[in-house]
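What follows is coords.txt (compact mmCIF, C-alpha atoms).
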```
# COMPACT_ATOMS: atom_id res chain seq x y z
CA MET U 1 -13.41 -29.85 37.96
CA ARG U 2 -9.71 -29.83 37.07
CA LEU U 3 -8.71 -27.02 34.70
CA ARG U 4 -5.46 -27.38 32.81
CA VAL U 5 -3.38 -25.56 30.21
CA LEU U 6 -2.47 -27.37 27.00
CA LEU U 7 0.08 -25.39 25.01
CA GLU U 8 0.28 -26.02 21.28
CA PRO U 9 2.09 -22.93 19.98
CA HIS U 10 1.33 -22.12 16.36
CA HIS U 11 4.94 -21.09 15.68
CA GLY U 12 6.63 -23.22 18.31
CA ALA U 13 8.12 -21.81 21.49
CA THR U 14 11.43 -21.43 23.24
CA TYR U 15 11.97 -23.04 26.62
CA ALA U 16 11.90 -19.61 28.26
CA GLN U 17 8.43 -18.96 26.81
CA ILE U 18 7.18 -22.38 27.90
CA ARG U 19 8.57 -21.84 31.41
CA ASP U 20 6.89 -18.43 31.74
CA LEU U 21 3.53 -19.86 30.66
CA ALA U 22 3.84 -22.82 33.04
CA GLN U 23 4.67 -20.56 35.96
CA ALA U 24 1.75 -18.28 35.08
CA ALA U 25 -0.52 -21.34 35.00
CA GLU U 26 0.70 -22.34 38.45
CA GLN U 27 0.19 -18.84 39.81
CA GLY U 28 -3.28 -18.70 38.22
CA GLY U 29 -4.51 -21.78 40.06
CA PHE U 30 -4.51 -24.21 37.13
CA ASP U 31 -4.26 -27.88 38.07
CA ALA U 32 -1.69 -28.72 35.38
CA PHE U 33 0.42 -27.47 32.50
CA PHE U 34 0.64 -29.78 29.49
CA ARG U 35 2.33 -29.32 26.16
CA SER U 36 1.95 -30.91 22.74
CA ASP U 37 4.58 -33.29 21.37
CA HIS U 38 5.32 -31.84 17.93
CA TYR U 39 8.40 -30.85 15.97
CA LEU U 40 6.34 -29.04 13.34
CA GLY U 41 3.35 -26.71 13.45
CA ILE U 42 -0.03 -26.83 11.76
CA ASP U 43 1.35 -25.13 8.66
CA ALA U 44 4.03 -27.42 7.23
CA ASN U 45 5.46 -24.51 5.22
CA ASP U 46 5.96 -22.31 8.28
CA THR U 47 9.71 -21.62 8.28
CA THR U 48 9.52 -19.74 11.59
CA TYR U 49 8.43 -22.75 13.67
CA GLN U 50 10.69 -23.35 16.68
CA PRO U 51 10.60 -27.01 17.74
CA THR U 52 11.44 -28.10 21.26
CA ASP U 53 11.42 -31.60 22.71
CA SER U 54 8.53 -32.27 25.07
CA TRP U 55 10.24 -34.36 27.76
CA THR U 56 13.37 -32.23 27.75
CA THR U 57 11.33 -29.11 28.46
CA LEU U 58 9.14 -30.92 30.99
CA ALA U 59 12.28 -31.92 32.88
CA GLY U 60 13.09 -28.22 33.15
CA LEU U 61 9.56 -27.43 34.31
CA ALA U 62 9.84 -30.16 36.93
CA LEU U 63 12.45 -27.99 38.66
CA GLN U 64 10.96 -24.58 37.86
CA THR U 65 7.41 -25.23 39.05
CA GLU U 66 6.22 -26.40 42.45
CA ARG U 67 2.61 -27.54 42.28
CA VAL U 68 1.16 -27.97 38.79
CA ARG U 69 1.14 -31.39 37.25
CA ILE U 70 3.05 -31.60 33.96
CA GLY U 71 2.74 -33.81 30.93
CA THR U 72 2.07 -34.29 27.23
CA LEU U 73 -1.15 -34.32 25.24
CA VAL U 74 -0.26 -36.26 23.33
CA ASN U 75 3.09 -37.97 22.90
CA ALA U 76 3.69 -39.24 19.37
CA SER U 77 4.32 -42.95 19.89
CA THR U 78 6.60 -42.96 16.85
CA PHE U 79 9.13 -40.55 18.38
CA ARG U 80 10.58 -42.76 21.13
CA LEU U 81 11.16 -46.42 21.86
CA PRO U 82 8.88 -47.67 24.66
CA GLY U 83 11.65 -48.57 27.11
CA GLN U 84 13.32 -45.23 26.54
CA LEU U 85 10.04 -43.40 27.10
CA ALA U 86 9.39 -45.34 30.32
CA VAL U 87 12.72 -44.12 31.69
CA GLU U 88 12.20 -40.52 30.48
CA VAL U 89 8.76 -40.13 32.03
CA ALA U 90 9.83 -41.78 35.29
CA THR U 91 12.84 -39.45 35.43
CA VAL U 92 10.65 -36.35 35.06
CA ASP U 93 8.30 -37.78 37.66
CA GLN U 94 11.20 -38.14 40.10
CA MET U 95 12.40 -34.61 39.34
CA SER U 96 8.93 -33.15 39.88
CA GLY U 97 8.12 -35.07 43.04
CA GLY U 98 5.44 -37.18 41.40
CA ARG U 99 3.72 -34.72 39.05
CA ALA U 100 4.32 -36.29 35.61
CA GLU U 101 1.56 -37.62 33.34
CA LEU U 102 1.82 -39.21 29.90
CA GLY U 103 -0.73 -38.61 27.18
CA ILE U 104 0.14 -40.83 24.23
CA GLY U 105 -1.29 -41.54 20.79
CA ALA U 106 -0.49 -43.24 17.50
CA ALA U 107 0.85 -40.04 15.79
CA TRP U 108 -0.69 -38.50 12.69
CA TYR U 109 1.57 -35.84 11.15
CA GLU U 110 3.46 -37.47 8.28
CA ARG U 111 5.33 -34.35 7.11
CA GLU U 112 6.72 -33.89 10.61
CA HIS U 113 8.26 -37.36 10.42
CA GLN U 114 9.69 -36.66 6.97
CA TYR U 115 11.34 -33.46 8.24
CA PHE U 116 13.31 -35.31 10.91
CA GLY U 117 13.80 -38.74 9.37
CA ILE U 118 11.41 -40.52 11.76
CA PRO U 119 9.73 -43.66 10.35
CA PHE U 120 5.99 -43.28 9.80
CA PRO U 121 4.33 -46.70 9.33
CA PRO U 122 0.76 -47.10 8.06
CA LEU U 123 -2.02 -46.30 10.52
CA GLY U 124 -2.82 -49.90 11.43
CA GLU U 125 0.80 -50.64 12.25
CA ARG U 126 1.10 -47.44 14.27
CA PHE U 127 -1.80 -48.57 16.45
CA ASP U 128 -0.28 -52.06 16.78
CA ARG U 129 2.98 -50.48 17.91
CA LEU U 130 1.15 -48.16 20.31
CA GLU U 131 -0.59 -51.12 21.94
CA GLU U 132 2.75 -52.87 22.47
CA GLN U 133 4.26 -49.66 23.81
CA LEU U 134 1.49 -49.32 26.37
CA ALA U 135 2.02 -52.91 27.51
CA ILE U 136 5.75 -52.22 27.94
CA LEU U 137 5.29 -48.86 29.68
CA THR U 138 2.83 -50.21 32.21
CA GLY U 139 4.78 -53.45 32.57
CA ILE U 140 8.04 -51.69 33.36
CA TRP U 141 6.46 -49.15 35.73
CA ASP U 142 4.54 -51.82 37.62
CA THR U 143 7.47 -54.22 38.03
CA ARG U 144 8.64 -54.33 41.63
CA PRO U 145 12.27 -53.64 42.58
CA GLY U 146 14.27 -56.85 42.40
CA GLU U 147 11.92 -58.41 39.85
CA ARG U 148 12.35 -58.56 36.07
CA PHE U 149 10.12 -57.63 33.14
CA SER U 150 10.03 -59.23 29.69
CA PHE U 151 7.82 -58.64 26.67
CA ASP U 152 7.84 -60.46 23.32
CA GLY U 153 5.81 -58.55 20.77
CA LYS U 154 5.76 -58.32 17.00
CA HIS U 155 7.41 -54.90 16.97
CA TYR U 156 9.13 -54.60 20.37
CA GLN U 157 10.92 -57.04 22.64
CA VAL U 158 12.13 -56.49 26.20
CA GLN U 159 14.34 -59.17 27.73
CA ASP U 160 14.69 -59.65 31.49
CA CYS U 161 14.72 -55.93 32.31
CA ALA U 162 15.91 -55.50 35.88
CA SER U 163 16.84 -51.80 35.64
CA ILE U 164 13.40 -50.61 36.63
CA PRO U 165 13.08 -46.79 36.66
CA ARG U 166 11.71 -45.58 39.97
CA TRP U 167 8.99 -42.99 39.78
CA ALA U 168 7.93 -40.84 42.73
CA SER U 169 4.25 -41.49 41.97
CA ARG U 170 3.29 -43.96 39.27
CA PRO U 171 2.70 -41.74 36.18
CA LYS U 172 -0.87 -41.49 34.95
CA ILE U 173 -1.59 -42.47 31.34
CA ILE U 174 -3.99 -40.46 29.18
CA ILE U 175 -5.38 -41.78 25.90
CA GLY U 176 -7.96 -40.03 23.78
CA GLY U 177 -9.31 -39.01 20.43
CA ALA U 178 -12.38 -39.05 18.26
CA GLY U 179 -11.94 -42.59 16.94
CA ALA U 180 -14.73 -45.03 17.72
CA LYS U 181 -12.87 -48.32 18.15
CA ARG U 182 -9.13 -48.74 18.70
CA THR U 183 -8.45 -45.54 20.66
CA PRO U 184 -11.20 -46.00 23.27
CA THR U 185 -10.36 -49.72 23.52
CA LEU U 186 -6.72 -48.95 24.31
CA ALA U 187 -7.88 -46.33 26.81
CA ALA U 188 -10.19 -48.83 28.48
CA ARG U 189 -7.30 -51.28 28.86
CA TYR U 190 -4.44 -49.00 29.84
CA ALA U 191 -5.49 -45.43 30.65
CA ASP U 192 -6.16 -43.55 33.85
CA GLU U 193 -7.93 -40.85 31.83
CA PHE U 194 -9.86 -40.85 28.56
CA ASN U 195 -9.74 -37.57 26.63
CA GLY U 196 -12.68 -36.87 24.35
CA ALA U 197 -10.49 -34.59 22.19
CA LEU U 198 -11.50 -31.24 20.68
CA GLY U 199 -15.07 -30.08 20.64
CA LEU U 200 -17.97 -28.86 22.73
CA ASP U 201 -20.01 -32.06 22.44
CA VAL U 202 -18.28 -35.24 23.63
CA ARG U 203 -21.34 -37.14 24.85
CA GLU U 204 -21.21 -39.87 22.21
CA ARG U 205 -17.45 -40.39 22.66
CA TYR U 206 -17.87 -40.79 26.42
CA ALA U 207 -20.83 -43.14 25.99
CA ASN U 208 -18.91 -45.25 23.50
CA PHE U 209 -15.91 -45.38 25.85
CA ARG U 210 -18.06 -46.48 28.78
CA ARG U 211 -19.66 -49.20 26.65
CA ILE U 212 -16.25 -50.52 25.56
CA CYS U 213 -15.03 -50.52 29.17
CA GLN U 214 -17.96 -52.64 30.27
CA ASP U 215 -18.66 -54.87 27.26
CA VAL U 216 -15.23 -55.32 25.66
CA VAL U 217 -12.62 -54.93 28.37
CA GLY U 218 -14.63 -55.75 31.49
CA ARG U 219 -13.51 -52.65 33.40
CA ASP U 220 -15.57 -50.32 35.54
CA PRO U 221 -15.64 -47.04 33.56
CA ALA U 222 -15.83 -45.13 36.83
CA GLU U 223 -12.14 -46.01 37.34
CA VAL U 224 -11.16 -43.73 34.45
CA ARG U 225 -11.33 -39.95 34.50
CA LEU U 226 -12.99 -38.20 31.56
CA SER U 227 -11.49 -35.06 30.04
CA ALA U 228 -12.10 -32.70 27.15
CA THR U 229 -9.91 -30.31 25.17
CA LEU U 230 -11.32 -26.81 24.70
CA PRO U 231 -9.69 -24.19 22.48
CA VAL U 232 -10.23 -20.85 24.22
CA CYS U 233 -9.53 -17.21 23.50
CA ILE U 234 -10.82 -14.41 25.72
CA GLY U 235 -9.95 -10.78 26.23
CA SER U 236 -10.16 -8.26 29.02
CA ASP U 237 -12.29 -6.15 26.64
CA PRO U 238 -13.40 -6.43 22.97
CA ALA U 239 -10.23 -4.77 21.68
CA ASP U 240 -8.02 -7.13 23.67
CA LEU U 241 -9.95 -10.11 22.35
CA GLU U 242 -9.66 -8.93 18.76
CA ARG U 243 -5.92 -8.33 19.12
CA ARG U 244 -5.45 -11.83 20.54
CA LYS U 245 -7.47 -13.45 17.76
CA GLU U 246 -5.52 -11.60 15.08
CA SER U 247 -2.21 -12.66 16.60
CA LEU U 248 -3.11 -16.34 16.11
CA GLY U 249 -3.69 -16.00 12.37
CA GLU U 250 -5.72 -18.26 10.09
CA ALA U 251 -4.44 -21.52 11.59
CA GLY U 252 -5.41 -20.40 15.08
CA ALA U 253 -8.83 -19.32 13.87
CA ARG U 254 -9.48 -22.81 12.49
CA LEU U 255 -8.65 -24.38 15.85
CA LEU U 256 -10.67 -21.84 17.81
CA ALA U 257 -13.73 -22.76 15.73
CA ALA U 258 -13.92 -25.96 17.82
CA GLY U 259 -13.94 -24.05 21.10
CA VAL U 260 -14.88 -20.74 22.70
CA THR U 261 -13.95 -17.25 21.59
CA GLY U 262 -15.45 -14.47 23.68
CA THR U 263 -15.72 -13.67 27.34
CA ALA U 264 -14.81 -15.46 30.56
CA GLY U 265 -18.51 -16.12 31.04
CA ASP U 266 -18.66 -17.94 27.71
CA VAL U 267 -15.81 -20.22 28.80
CA ILE U 268 -17.42 -20.85 32.21
CA ARG U 269 -20.67 -21.88 30.54
CA ALA U 270 -18.79 -24.23 28.20
CA ILE U 271 -17.00 -25.85 31.16
CA GLU U 272 -20.28 -26.32 33.01
CA ASP U 273 -21.81 -27.91 29.92
CA LEU U 274 -18.84 -30.29 29.53
CA ALA U 275 -19.19 -31.19 33.21
CA GLY U 276 -22.83 -32.03 32.55
CA GLN U 277 -21.66 -34.38 29.78
CA GLY U 278 -19.40 -36.20 32.24
CA ALA U 279 -16.05 -34.40 32.01
CA ASP U 280 -14.15 -33.87 35.25
CA THR U 281 -11.12 -32.30 33.54
CA VAL U 282 -10.86 -29.61 30.85
CA TYR U 283 -7.70 -28.63 29.00
CA PHE U 284 -7.60 -25.05 27.72
CA HIS U 285 -5.98 -25.43 24.32
CA LEU U 286 -3.78 -22.34 23.86
CA TYR U 287 -1.70 -21.30 20.84
CA GLY U 288 0.11 -18.08 21.76
CA PRO U 289 3.60 -18.88 23.14
CA GLY U 290 4.30 -15.34 24.33
CA ASP U 291 0.84 -14.56 25.68
CA VAL U 292 1.39 -14.89 29.43
CA GLU U 293 -1.36 -12.35 30.04
CA HIS U 294 -3.89 -14.68 28.44
CA VAL U 295 -3.04 -17.41 30.97
CA ARG U 296 -3.25 -14.90 33.82
CA LEU U 297 -6.60 -13.62 32.58
CA LEU U 298 -8.00 -17.14 32.34
CA GLY U 299 -6.72 -17.85 35.83
CA SER U 300 -8.26 -14.78 37.42
CA GLU U 301 -11.54 -14.75 35.49
CA VAL U 302 -12.26 -18.45 34.91
CA VAL U 303 -10.16 -20.82 37.03
CA SER U 304 -10.83 -18.81 40.21
CA ARG U 305 -14.56 -19.64 39.85
CA PHE U 306 -13.82 -23.36 40.21
CA LEU U 307 -11.14 -23.32 42.90
CA PRO U 308 -12.01 -24.63 46.38
CA GLU U 309 -11.58 -21.90 48.95
CA ALA U 310 -9.03 -24.08 50.74
CA VAL U 311 -6.72 -24.09 47.71
CA PRO U 312 -6.13 -20.46 46.69
CA PRO U 313 -3.93 -19.69 43.68
CA LEU U 314 -0.30 -18.82 44.28
CA PRO U 315 0.42 -15.07 44.44
CA ILE U 316 1.43 -13.45 41.17
```
Go ahead and express the file in the form of structure tokens.
Amino acid sequence: MRLRVLLEPHHGATYAQIRDLAQAAEQGGFDAFFRSDHYLGIDANDTTYQPTDSWTTLAGLALQTERVRIGTLVNASTFRLPGQLAVEVATVDQMSGGRAELGIGAAWYEREHQYFGIPFPPLGERFDRLEEQLAILTGIWDTRPGERFSFDGKHYQVQDCASIPRWASRPKIIIGGAGAKRTPTLAARYADEFNGALGLDVRERYANFRRICQDVVGRDPAEVRLSATLPVCIGSDPADLERRKESLGEAGARLLAAGVTGTAGDVIRAIEDLAGQGADTVYFHLYGPGDVEHVRLLGSEVVSRFLPEAVPPLPI
């Protein structure tokens, strides 16, 4: 079981806060540190939100962490052109020694796009664009040195690209969500990992994905890892838990309703249940940008239970 941190701070976060959390995740034995790709928080009227760019901060983490894998869950496909994104992710992969992963989706937050002047096409077009982006990303990354890549789509065209970005280890692609058709179909065609999204019960989403792999795409579903996203909030004692819950506010409480609030044992049982459903990877969805102690507590009380003895966590 791979246990990962997914940071989606309810008021945004500075790079220094993100760095401290990533380093705590590494020290705590987590497999990876991921961040969301948003320029606006859950509350569109939150004037305190501090946006940071995902791939800019991940480039910093590539140099300020040593072991954890780093990536996005999920990149908004509307934010970057596909060729540009291929170069950005490959650059971070080089900088990190092969630790970069790309979670990508069709984007959903219209107000966020309005805030920053980013076009927000209708949903069907966003999925069409995402499919072309995935073809370009994989096409560019898989083109051998000295060869050229071209793509002629409705929304994007690439002509005789010979400037192929060199990754250290071909970046993994993660696609996921609760949708029943287009999302799992794109994952079956292009992804290395399918994420069942938020929730404690992902059985039907996994079953639907496996069916699409076999019946629609003709791919062995065993080739694709299965992951889940689990909002978690624990405390060292009841008072610590209550303080942490209060610090997340109403928006955090809504997200936590899809996960586990309680003790380390509660989280361990949820992980074991998700494993029984087929998940081999769980992302701990965290919302407190300054709560390094929460990451440390999860590392010592939860992650340590799943670590092989041969791979101890780094010293704190």
Self-check item: Minimum-distance residue to Gly288 in chain U, chosen among U:Val92, U:Leu248, U:Ile104, U:Val216 (using only C-alpha atoms)
Solution: U:Leu248
Exercise. Check the smallest atom-to-atom distance from each of U:Asp220, U:Ala264, U:Gly41, U:Arg225 to Asp237 in chain U using all atoms listed in the file, then report the winner.
Key: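 Comparing U:Asp220, U:Ala264, U:Gly41, U:Arg225 against Asp237 in chain U, the winner is U:Ala264.
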Quiz item: Please, what distance in Å, to one decimal, runs between CA of Tyr156 in chain U and CA of Ile118 in chain U?
Solution: 16.7 Å
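Using all atoms listed in the file, the contacts of Phe79 in chain U at a cut-off of 9 Å, with sequence neighbours closer than 5 positions omitted, comprise Ala107, His113, Ile118 and Pro119 of chain U.
Closest approach to Ala22 in chain U among U:Val68, U:Leu3, U:Val224, U:Ala191: U:Val68, based on only C-alpha atoms.
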Quiz prompt | Residue nearest Ser36 in chain U among U:Glu8, U:Glu193, U:Asp53, U:Asp20 (counting all atoms listed in the file) | solution = U:Glu8
Exercise. Enter the distance from CA of Tyr287 in chain U to CA of Ala100 in chain U, in Å, rounded to one decimal.
Key: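 Separating CA of Tyr287 in chain U from CA of Ala100 in chain U is a distance of 21.9 Å.
From CA of Glu293 in chain U back to CA of Thr72 in chain U, the distance works out to 22.4 Å.
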Kindly reconstruct range 276-291 of chain U with N, CA, C and O atoms and present the result as an mmCIF file, keeping the file's coordinate frame.
```cif
data_model
loop_
_atom_site.group_PDB
_atom_site.id
_atom_site.type_symbol
_atom_site.label_atom_id
_atom_site.label_comp_id
_atom_site.auth_asym_id
_atom_site.auth_seq_id
_atom_site.Cartn_x
_atom_site.Cartn_y
_atom_site.Cartn_z
ATOM 1 N N GLY U 276 -21.544 -31.349 32.650
ATOM 2 C CA GLY U 276 -22.830 -32.030 32.550
ATOM 3 C C GLY U 276 -22.774 -33.241 31.634
ATOM 4 O O GLY U 276 -23.556 -34.184 31.788
ATOM 5 N N GLN U 277 -21.835 -33.240 30.680
ATOM 6 C CA GLN U 277 -21.660 -34.380 29.780
ATOM 7 C C GLN U 277 -20.815 -35.485 30.416
ATOM 8 O O GLN U 277 -20.720 -36.585 29.867
ATOM 9 N N GLY U 278 -20.186 -35.181 31.547
ATOM 10 C CA GLY U 278 -19.400 -36.200 32.240
ATOM 11 C C GLY U 278 -17.950 -35.856 32.454
ATOM 12 O O GLY U 278 -17.234 -36.588 33.139
ATOM 13 N N ALA U 279 -17.462 -34.760 31.870
ATOM 14 C CA ALA U 279 -16.050 -34.400 32.010
ATOM 15 C C ALA U 279 -15.748 -33.942 33.428
ATOM 16 O O ALA U 279 -16.520 -33.182 34.019
ATOM 17 N N ASP U 280 -14.620 -34.395 33.971
ATOM 18 C CA ASP U 280 -14.150 -33.870 35.250
ATOM 19 C C ASP U 280 -12.852 -33.094 35.091
ATOM 20 O O ASP U 280 -12.297 -32.582 36.058
ATOM 21 N N THR U 281 -12.369 -32.998 33.846
ATOM 22 C CA THR U 281 -11.120 -32.300 33.540
ATOM 23 C C THR U 281 -11.267 -31.605 32.194
ATOM 24 O O THR U 281 -11.769 -32.214 31.242
ATOM 25 N N VAL U 282 -10.839 -30.338 32.113
ATOM 26 C CA VAL U 282 -10.860 -29.610 30.850
ATOM 27 C C VAL U 282 -9.492 -28.991 30.616
ATOM 28 O O VAL U 282 -8.936 -28.329 31.498
ATOM 29 N N TYR U 283 -8.970 -29.225 29.419
ATOM 30 C CA TYR U 283 -7.700 -28.630 29.000
ATOM 31 C C TYR U 283 -7.999 -27.405 28.142
ATOM 32 O O TYR U 283 -8.682 -27.516 27.117
ATOM 33 N N PHE U 284 -7.483 -26.249 28.544
ATOM 34 C CA PHE U 284 -7.600 -25.050 27.720
ATOM 35 C C PHE U 284 -6.500 -25.088 26.662
ATOM 36 O O PHE U 284 -5.322 -24.955 26.971
ATOM 37 N N HIS U 285 -6.916 -25.288 25.433
ATOM 38 C CA HIS U 285 -5.980 -25.430 24.320
ATOM 39 C C HIS U 285 -5.544 -24.030 23.867
ATOM 40 O O HIS U 285 -6.342 -23.281 23.311
ATOM 41 N N LEU U 286 -4.293 -23.682 24.125
ATOM 42 C CA LEU U 286 -3.780 -22.340 23.860
ATOM 43 C C LEU U 286 -2.685 -22.377 22.808
ATOM 44 O O LEU U 286 -1.905 -23.327 22.747
ATOM 45 N N TYR U 287 -2.599 -21.300 21.999
ATOM 46 C CA TYR U 287 -1.700 -21.300 20.840
ATOM 47 C C TYR U 287 -0.681 -20.173 20.836
ATOM 48 O O TYR U 287 0.216 -20.155 19.997
ATOM 49 N N GLY U 288 -0.799 -19.222 21.766
ATOM 50 C CA GLY U 288 0.110 -18.080 21.760
ATOM 51 C C GLY U 288 1.269 -18.289 22.723
ATOM 52 O O GLY U 288 1.079 -18.199 23.941
ATOM 53 N N PRO U 289 2.489 -18.544 22.239
ATOM 54 C CA PRO U 289 3.600 -18.880 23.140
ATOM 55 C C PRO U 289 4.080 -17.714 23.995
ATOM 56 O O PRO U 289 4.664 -17.934 25.055
ATOM 57 N N GLY U 290 3.837 -16.479 23.558
ATOM 58 C CA GLY U 290 4.300 -15.340 24.330
ATOM 59 C C GLY U 290 3.192 -14.637 25.107
ATOM 60 O O GLY U 290 3.428 -13.580 25.700
ATOM 61 N N ASP U 291 2.009 -15.246 25.121
ATOM 62 C CA ASP U 291 0.840 -14.560 25.680
ATOM 63 C C ASP U 291 0.608 -14.978 27.140
ATOM 64 O O ASP U 291 -0.385 -15.623 27.476
#
```
